[in-house]
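K.L.:
So that we are looking at the same thing, I have put the structure below in structure tokens.
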Amino acid sequence: MFGIRGFAGQGIAQPQSVDHGGDAFSQPGGARARGSGIALRPANDYVREFIVNVNPLSVLTAWNVMRSLHELEKTADGWVWLDSRKTTRFKLDKNQKVIAAERDKKKATWVPCADVEKPIPPDTRPVYWARPGTTLKIVMLAMHNADTAPVALFDDDERFVGAIGVRNVLQAVLKRSD
């Protein structure tokens with residue numbers, strides 16, 4: 001069994017700790033709001049007006065737009081598809097830790113979203129992974145580098161918790177503009 005740091009014998013860098021919800025701030029009347037969540041669901045007109053010029057790619061996080069594990073398609077032989085196009089799949093153990101990963105029917109190469117700016121060897125099939133607090137901007141860069149493959153999300157205990165596809169990102173950004 002392998003965690004994301006050591007899956008398939010790859011030495012993956014330890015991810016940095018991140019904030020999972022953004023800074024809280026006060027509104028008139030004493031209400032408190034979380035920085036990333038309010039971008040998708042402003043509580044009132046005051047908040048909606050306050051965030052109108054905020055770039056959602058810098059505020060929204062992977063957690064805000066992911067599809068959780070229970071929403072993903074599973075196969076009879078224990079695989080979980082990360083996307084509806086069926087390009088990327090994981091096999092999980094009973095603790096939601098990845099024991100096998102494939103992309104385009106080949107063994108996947110793990111790449112942390114923190115390394116999104118680094119070059120990827122040409123013959124690899126990267127699967128980027130992130131923590132829930134990773135910004136949507138970083139997630140989109142990872143998707144671009146991986147030819148729109150989904151990004152996998154892991155909690156601090158290295159359990160697979162969900163995935164983000166291009167459609168999820170677009171829905172989050174477009175809903176915000178409604």
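Starting from 1 in every chain, residues are counted up; chains themselves are A, B, ... following the order of the structure tokens, and ligands are numbered from 1 as listed.
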Show which residues sit within 10 Å of Ala149 (chain A), as an mmCIF file with C-alpha atoms, in the first residue's frame. Count only C-alpha atoms, and ignore same-chain residues fewer than 2 positions away.
P.N.:
data_model
loop_
_atom_site.group_PDB
_atom_site.id
_atom_site.type_symbol
_atom_site.label_atom_id
_atom_site.label_comp_id
_atom_site.auth_asym_id
_atom_site.auth_seq_id
_atom_site.Cartn_x
_atom_site.Cartn_y
_atom_site.Cartn_z
ATOM 1 C CA LEU A 82 -11.973 10.676 -11.545
ATOM 2 C CA ASP A 83 -13.664 12.021 -14.682
ATOM 3 C CA ARG A 85 -14.364 10.836 -19.925
ATOM 4 C CA LYS A 86 -12.765 7.917 -18.047
ATOM 5 C CA THR A 87 -9.179 9.008 -18.564
ATOM 6 C CA THR A 88 -8.003 8.674 -14.966
ATOM 7 C CA ARG A 103 -4.190 7.607 -16.756
ATOM 8 C CA ASP A 104 -5.076 6.757 -20.351
ATOM 9 C CA ARG A 125 1.004 10.522 -17.865
ATOM 10 C CA PRO A 126 0.794 13.026 -15.012
ATOM 11 C CA VAL A 127 -1.929 13.010 -12.391
ATOM 12 C CA TYR A 128 -1.734 16.217 -10.420
ATOM 13 C CA ALA A 142 -2.304 21.717 -13.437
ATOM 14 C CA MET A 143 -5.217 20.748 -15.680
ATOM 15 C CA HIS A 144 -3.691 22.691 -18.539
ATOM 16 C CA ASN A 145 -0.310 20.973 -18.072
ATOM 17 C CA ALA A 146 -2.012 17.570 -17.983
ATOM 18 C CA ASP A 147 -4.109 18.103 -21.124
ATOM 19 C CA VAL A 151 -6.853 16.881 -10.410
ATOM 20 C CA ALA A 152 -7.076 14.516 -7.422
ATOM 21 C CA ILE A 164 -11.849 18.289 -9.941
ATOM 22 C CA GLY A 165 -12.508 18.307 -13.646
ATOM 23 C CA VAL A 166 -12.690 21.156 -16.130
#
K.L.:
Taking 6 positions as the minimum chain separation for residues in the same chain, which residues sit within 9 Å of Phe160 (chain A) when counting only C-alpha atoms? Answer as number ranges by chain.
P.N.:
A: 69, 92, 95-98, 152-154
K.L.:
Could you save those same residues with C-alpha atoms as a tab-separated table (two decimals), in the first residue's frame?
P.N.:
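Okay, out36.tsv is ready:
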chain	number	residue	atom	x	y	z
A	69	LEU	CA	-15.48	10.49	-3.59
A	92	LEU	CA	-8.34	2.55	-3.19
A	95	ASN	CA	-8.88	3.67	4.21
A	96	GLN	CA	-9.33	5.64	0.96
A	97	LYS	CA	-5.61	5.52	0.18
A	98	VAL	CA	-4.56	4.99	-3.42
A	152	ALA	CA	-7.08	14.52	-7.42
A	153	LEU	CA	-7.71	15.88	-3.91
A	154	PHE	CA	-6.24	14.39	-0.76
K.L.:
Work out how far apart CA of Glu71 (chain A) and CA of Gly162 (chain A) are and give it in Å to one decimal.
P.N.:
8.3 Å
K.L.:
I want to know what sits within 6 Å of Thr61 (chain A), based on only C-alpha atoms, with residues of the same chain fewer than 4 positions away left out; could you give that as a ChimeraX atom specification?
P.N.:
/A:133-136
K.L.:
Find, counting only C-alpha atoms, the residue in A:Asn55, A:Asp45, A:Val161, A:Ala62 that gets nearest to Ile138 (chain A).
P.N.:
A:Ala62
